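So this one's start_26.txt, compact mmCIF, C-alpha atoms:
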```txt
# COMPACT_ATOMS: atom_id res chain seq x y z
CA MET F 1 0.00 0.00 0.00
CA GLN F 2 1.35 3.40 -0.93
CA LEU F 3 1.83 5.71 2.05
CA PRO F 4 0.24 9.19 1.84
CA PHE F 5 2.56 12.05 0.97
CA VAL F 6 3.31 14.29 3.95
CA ARG F 7 4.22 17.88 3.20
CA HIS F 8 7.03 19.59 5.09
CA ALA F 9 8.27 16.47 6.86
CA HIS F 10 11.55 17.20 8.65
CA GLN F 11 14.01 14.43 9.52
CA ARG F 12 16.07 13.94 12.65
CA LEU F 13 19.14 11.77 12.08
CA ARG F 14 21.44 10.31 14.73
CA HIS F 15 25.13 9.73 14.10
CA ASP F 16 27.67 7.68 15.97
CA VAL F 17 29.81 10.06 18.01
CA VAL F 18 33.48 9.86 17.07
CA LEU F 19 36.26 11.84 18.74
CA ARG F 20 38.96 12.94 16.31
CA THR F 21 42.22 14.87 16.33
CA LEU F 22 42.21 17.50 13.59
CA ALA F 23 45.37 19.01 12.15
CA VAL F 24 45.37 22.52 10.65
CA ALA F 25 46.13 22.44 6.93
CA ARG F 26 45.44 26.05 5.92
CA VAL F 27 44.35 29.33 7.51
CA GLU F 28 42.74 32.29 5.74
CA ARG F 29 41.35 35.59 7.06
CA ILE F 30 38.28 35.99 4.87
CA THR F 31 36.90 39.14 6.54
CA PRO F 32 38.07 41.32 9.44
CA HIS F 33 36.05 39.23 11.92
CA MET F 34 36.14 35.78 10.29
CA GLN F 35 39.04 33.33 10.20
CA ARG F 36 38.71 30.24 8.01
CA VAL F 37 40.60 27.16 9.18
CA THR F 38 40.86 24.07 6.98
CA PHE F 39 41.62 20.83 8.82
CA GLY F 40 42.89 17.62 7.30
CA GLY F 41 44.09 14.21 8.26
CA ALA F 42 43.22 10.55 8.13
CA GLU F 43 40.98 10.83 11.20
CA LEU F 44 38.39 12.68 9.12
CA ARG F 45 37.61 9.42 7.36
CA GLY F 46 33.98 8.58 8.04
CA PHE F 47 33.01 12.14 9.01
CA HIS F 48 29.44 12.98 8.02
CA SER F 49 27.34 16.13 8.26
CA ALA F 50 23.83 15.96 6.79
CA ALA F 51 22.41 19.42 7.58
CA PRO F 52 23.78 22.95 7.03
CA ASP F 53 23.38 23.90 10.69
CA ASP F 54 24.99 20.77 12.16
CA HIS F 55 27.42 21.32 15.03
CA VAL F 56 30.67 19.70 15.99
CA LYS F 57 32.15 20.02 19.46
CA LEU F 58 35.68 21.43 19.22
CA PHE F 59 38.24 21.05 22.01
CA PHE F 60 41.05 23.62 22.32
CA PRO F 61 44.33 23.69 24.25
CA ASN F 62 43.86 24.54 27.92
CA ARG F 63 45.59 27.37 29.81
CA HIS F 64 48.80 25.30 29.90
CA GLY F 65 48.79 24.77 26.15
CA GLU F 66 47.77 21.13 26.49
CA LEU F 67 45.12 19.45 24.42
CA VAL F 68 43.11 17.36 26.90
CA PRO F 69 39.99 16.05 25.17
CA PRO F 70 37.62 13.52 26.74
CA SER F 71 37.30 9.86 25.93
CA LEU F 72 33.94 8.20 25.29
CA GLY F 73 33.01 6.29 28.45
CA THR F 74 29.90 4.37 29.38
CA GLN F 75 28.35 7.53 30.87
CA GLY F 76 29.36 9.76 27.95
CA PRO F 77 32.49 11.91 27.53
CA GLU F 78 34.98 11.51 30.38
CA PHE F 79 37.98 13.79 30.95
CA PRO F 80 41.16 12.36 32.48
CA SER F 81 41.48 13.10 36.18
CA GLY F 82 44.23 15.36 37.46
CA ARG F 83 44.51 17.42 34.27
CA GLU F 84 42.74 20.61 33.23
CA PRO F 85 40.17 19.71 30.54
CA SER F 86 40.32 21.37 27.16
CA PRO F 87 37.70 24.12 26.78
CA MET F 88 35.05 23.18 24.26
CA ARG F 89 32.75 25.10 21.92
CA ASP F 90 30.18 24.23 19.21
CA TYR F 91 30.92 25.11 15.59
CA THR F 92 29.26 24.58 12.22
CA PRO F 93 31.00 22.39 9.62
CA ARG F 94 31.23 25.04 6.90
CA HIS F 95 32.36 22.59 4.23
CA HIS F 96 33.43 18.95 4.18
CA ASP F 97 35.33 17.45 1.26
CA ALA F 98 35.46 13.70 1.83
CA ALA F 99 37.57 13.09 -1.28
CA ARG F 100 40.27 15.50 -0.14
CA GLY F 101 39.91 14.59 3.52
CA GLU F 102 39.30 18.20 4.58
CA LEU F 103 36.92 19.98 6.93
CA VAL F 104 36.45 23.77 6.89
CA ILE F 105 35.42 25.69 10.01
CA ASP F 106 34.82 29.46 9.99
CA PHE F 107 35.64 31.12 13.33
CA VAL F 108 34.16 34.47 14.32
CA LEU F 109 36.85 36.62 15.92
CA HIS F 110 34.93 38.37 18.66
CA GLY F 111 35.44 38.47 22.38
CA ASP F 112 38.31 36.85 24.19
CA GLY F 113 37.19 33.25 24.58
CA PRO F 114 39.42 30.22 24.05
CA ALA F 115 38.10 29.45 20.55
CA ALA F 116 38.55 32.98 19.20
CA ARG F 117 42.03 33.26 20.74
CA TRP F 118 43.08 29.94 19.26
CA ALA F 119 41.64 30.66 15.81
CA GLU F 120 43.36 34.04 15.55
CA GLN F 121 46.79 32.47 16.02
CA ALA F 122 46.08 29.14 14.26
CA ALA F 123 48.80 27.91 11.93
CA PRO F 124 49.37 24.79 9.81
CA GLY F 125 50.43 21.81 11.86
CA GLN F 126 48.58 22.77 15.03
CA CYS F 127 45.99 20.32 16.36
CA ILE F 128 42.67 20.43 18.15
CA ALA F 129 40.12 17.69 18.88
CA ALA F 130 36.56 17.35 17.61
CA GLY F 131 33.50 15.27 18.34
CA GLY F 132 30.32 14.80 16.36
CA PRO F 133 28.03 15.82 14.85
CA ARG F 134 25.79 13.83 17.18
CA GLY F 135 22.83 14.33 14.88
CA SER F 136 21.30 16.33 12.05
CA HIS F 137 17.97 18.12 11.78
CA VAL F 138 17.24 17.96 8.05
CA ILE F 139 14.61 20.52 7.11
CA ALA F 140 11.99 19.54 4.53
CA ASN F 141 12.92 20.68 1.03
CA ASP F 142 9.37 21.28 -0.21
CA PHE F 143 8.62 24.71 1.26
CA ASP F 144 7.84 27.46 -1.24
CA HIS F 145 10.25 29.88 0.42
CA TYR F 146 12.98 29.81 3.05
CA VAL F 147 13.88 32.77 5.27
CA LEU F 148 17.33 32.56 6.88
CA VAL F 149 18.06 35.10 9.61
CA GLY F 150 21.25 35.44 11.63
CA ASP F 151 24.25 37.41 12.76
CA GLU F 152 27.88 36.63 11.92
CA THR F 153 27.86 33.52 14.12
CA ALA F 154 25.15 32.08 11.85
CA LEU F 155 26.91 33.08 8.63
CA PRO F 156 28.71 29.71 8.17
CA ALA F 157 25.39 27.84 8.38
CA ILE F 158 23.56 30.33 6.13
CA SER F 159 26.37 30.25 3.56
CA ARG F 160 26.40 26.46 3.48
CA TRP F 161 22.60 26.25 3.26
CA LEU F 162 22.50 28.60 0.28
CA GLU F 163 25.28 26.68 -1.47
CA GLU F 164 23.45 23.39 -1.03
CA MET F 165 20.07 24.66 -2.27
CA PRO F 166 19.18 23.28 -5.72
CA PRO F 167 17.91 25.38 -8.62
CA GLY F 168 14.24 26.24 -8.25
CA MET F 169 14.31 26.91 -4.51
CA HIS F 170 13.56 30.42 -3.30
CA ALA F 171 15.23 31.96 -0.24
CA THR F 172 15.71 35.25 1.54
CA ALA F 173 18.72 35.77 3.82
CA LEU F 174 18.85 38.55 6.42
CA ILE F 175 22.38 38.77 7.80
CA GLU F 176 23.86 41.07 10.44
CA VAL F 177 27.64 41.59 10.60
CA PRO F 178 29.85 43.89 12.70
CA GLU F 179 30.75 46.18 9.77
CA ILE F 180 30.46 46.51 5.99
CA ALA F 181 33.83 44.83 5.44
CA ASP F 182 32.47 41.63 7.04
CA ARG F 183 30.11 40.97 4.16
CA GLN F 184 30.95 37.86 2.16
CA THR F 185 30.21 36.83 -1.40
CA LEU F 186 27.65 34.05 -1.11
CA PHE F 187 26.87 31.53 -3.83
CA SER F 188 23.69 29.62 -4.61
CA GLN F 189 21.91 27.93 -7.48
CA ALA F 190 18.60 28.92 -5.90
CA ARG F 191 16.75 32.21 -6.33
CA VAL F 192 18.11 34.18 -3.40
CA GLU F 193 17.68 37.71 -2.06
CA ILE F 194 20.28 38.78 0.50
CA GLN F 195 20.00 41.78 2.83
CA TRP F 196 23.01 42.81 4.91
CA PHE F 197 22.89 44.77 8.15
CA GLY F 198 25.84 46.27 9.96
CA ARG F 199 26.13 47.15 13.61
CA ASP F 200 28.36 50.12 12.82
CA ALA F 201 26.89 53.58 12.41
CA ALA F 202 27.08 53.39 8.62
CA GLU F 203 24.09 51.08 8.26
CA GLY F 204 20.66 51.35 9.81
CA GLY F 205 17.82 48.94 10.40
CA SER F 206 17.83 45.66 12.26
CA LEU F 207 17.13 42.00 11.73
CA GLU F 208 13.97 42.29 13.81
CA GLN F 209 12.64 45.16 11.70
CA ALA F 210 13.53 43.47 8.42
CA LEU F 211 11.89 40.23 9.54
CA HIS F 212 8.72 42.10 10.47
CA GLU F 213 8.64 43.96 7.14
CA LEU F 214 9.12 40.98 4.82
CA PRO F 215 6.26 41.06 2.30
CA ALA F 216 3.75 38.24 2.26
CA ILE F 217 4.06 35.57 -0.41
CA GLU F 218 1.87 32.88 -1.88
CA GLY F 219 2.70 29.50 -0.39
CA ASP F 220 4.47 28.17 2.70
CA ARG F 221 7.57 29.64 4.29
CA PHE F 222 10.14 28.05 6.56
CA TRP F 223 11.83 30.42 9.00
CA TRP F 224 15.36 29.70 10.31
CA ILE F 225 16.84 32.06 12.92
CA ALA F 226 20.19 31.90 14.71
CA THR F 227 21.62 34.78 16.70
CA GLU F 228 22.04 35.89 20.31
CA SER F 229 19.77 33.80 22.54
CA ASP F 230 17.36 36.51 23.72
CA ARG F 231 17.00 37.95 20.21
CA ALA F 232 16.33 34.54 18.68
CA ARG F 233 13.64 33.85 21.29
CA THR F 234 11.97 37.22 20.68
CA MET F 235 11.92 36.72 16.90
CA ARG F 236 10.45 33.24 17.31
CA GLN F 237 7.71 34.57 19.57
CA SER F 238 6.94 37.32 17.05
CA LEU F 239 6.48 34.75 14.29
CA GLU F 240 4.33 32.48 16.46
CA GLN F 241 2.10 35.44 17.33
CA ARG F 242 1.50 35.85 13.60
CA GLY F 243 0.07 32.35 13.49
CA ILE F 244 3.02 30.62 11.82
CA PRO F 245 3.09 26.90 12.74
CA LYS F 246 5.84 26.00 15.21
CA ASP F 247 7.15 23.28 12.89
CA TRP F 248 7.81 25.95 10.28
CA ILE F 249 10.20 27.82 12.58
CA LYS F 250 13.62 26.88 13.91
CA ALA F 251 15.11 29.55 16.17
CA THR F 252 18.37 28.88 18.01
CA GLY F 253 20.45 30.96 20.37
CA TYR F 254 24.02 30.59 19.09
CA TRP F 255 25.45 32.64 21.93
CA LYS F 256 24.47 34.56 25.05
CA ALA F 257 25.17 38.22 25.71
CA HIS F 258 27.67 38.81 28.52
CA ALA F 259 28.75 35.16 28.55
CA ASP F 260 32.06 33.52 27.66
CA ASN F 261 30.74 31.80 24.58
CA ASP F 262 32.53 32.48 21.33
CA GLY F 263 31.06 29.66 19.29
CA ASP F 264 29.97 30.00 15.68
```

For this file, produce the structure as structure tokens.
Amino acid sequence: MQLPFVRHAHQRLRHDVVLRTLAVARVERITPHMQRVTFGGAELRGFHSAAPDDHVKLFFPNRHGELVPPSLGTQGPEFPSGREPSPMRDYTPRHHDAARGELVIDFVLHGDGPAARWAEQAAPGQCIAAGGPRGSHVIANDFDHYVLVGDETALPAISRWLEEMPPGMHATALIEVPEIADRQTLFSQARVEIQWFGRDAAEGGSLEQALHELPAIEGDRFWWIATESDRARTMRQSLEQRGIPKDWIKATGYWKAHADNDGD
């Protein structure tokens, strides 16, 4: 018997968690506040990332310059006793090339956390550790329109999502960056409109205002939001108050104001 077609059916995938040591192959400053680090090595064999906003857990050298990642125990990750654990942060796999054995991570250079400090001085040959992704939330590909909203920490995920969209999809991206120079050239085969917003005095407006002022369209929209935690929550609530189904919204706080969290 043929099963009925379900519109807008998202998928949640689980992956086996593997802890890897990643070696820096190349480093590139792509904008004033974004450092691109390409990792390589045999331990990337078997790496898999199914969704543009997947996250890997990265482990950085501790205050003594030691890389002390956990091991996978029966109760989950376990750090060795008597040693200072490596600080860890979540980052988006910006690009994975299985044939070349390379993984690209874009690091936002803001604040003074362990990830930003490490990324700013990263050089070929240095190593960090990585775990995951633990899972992927694959958004249905049959919406009429996709709205992607985020600040610079969400830019790796937005960039990857646009690149992976096939011809015929329609998307709008609303992106906030620290300054005009932090804009990037984004590529897509889909029909995409991109609006940039800067936090410097040269550019006005806000993500919240732009989201509110998006014109109505015929058809169904999926809304993806990733920015500071309180802002993401407020934007989600605003959409829900407009009657948009909860399953058509994914809003995530990528960082918290006034907290030591310099993840993507």

query = Residues at most 8 Å from F:Arg45, counting all atoms listed in the file, excluding those fewer than 2 positions away in the same chain, as a list in words?
reply = Ala42, Glu43, Phe47, Ala98 and Gly101 of chain F

For stretch 102-119 of chain F, I'd like the enclosing box, axis-aligned and padded by 8 Å on every side, reported as JSON with centre and edge lengths in Å to one decimal.
```
{"center_x": 38.6, "center_y": 28.3, "center_z": 14.6, "size_x": 24.9, "size_y": 36.3, "size_z": 36.0}
```

inquiry  = Would you pick out the contacts of F:Val192 at 7 Å or less, using only C-alpha atoms, so that residues sharing its chain but fewer than 6 positions from it are not included, and give the list as a list in words?
reply    =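 Near neighbours after the sequence-gap exclusion: His170, Ala171 and Thr172 of chain F.
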
Using only C-alpha atoms: which of F:Gln209, F:Asp54, F:Asp230, F:Leu162 has the shortest distance to F:His258 =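 Closest to F:His258 of all the choices is F:Asp230.
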
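Proximity of F:Ala9, F:Met169, F:Leu19, F:Ala216 to F:Pro77, computed with all atoms listed in the file, is greatest for F:Leu19.
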
query = Expressed in Å to a single decimal, how great is the separation between atom CA of F:Leu44 and atom CA of F:Gly132?
reply =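 Computing it gives 11.0 Å between the two atoms.
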
message = I'd like the neighbourhood of F:Val56 as a PyMOL selection string, where a residue qualifies if any of its atoms comes within 9 Å (using all atoms listed in the file), though same-chain residues fewer than 6 positions away should be ignored.
response = chain F and resi 89-93+130-134
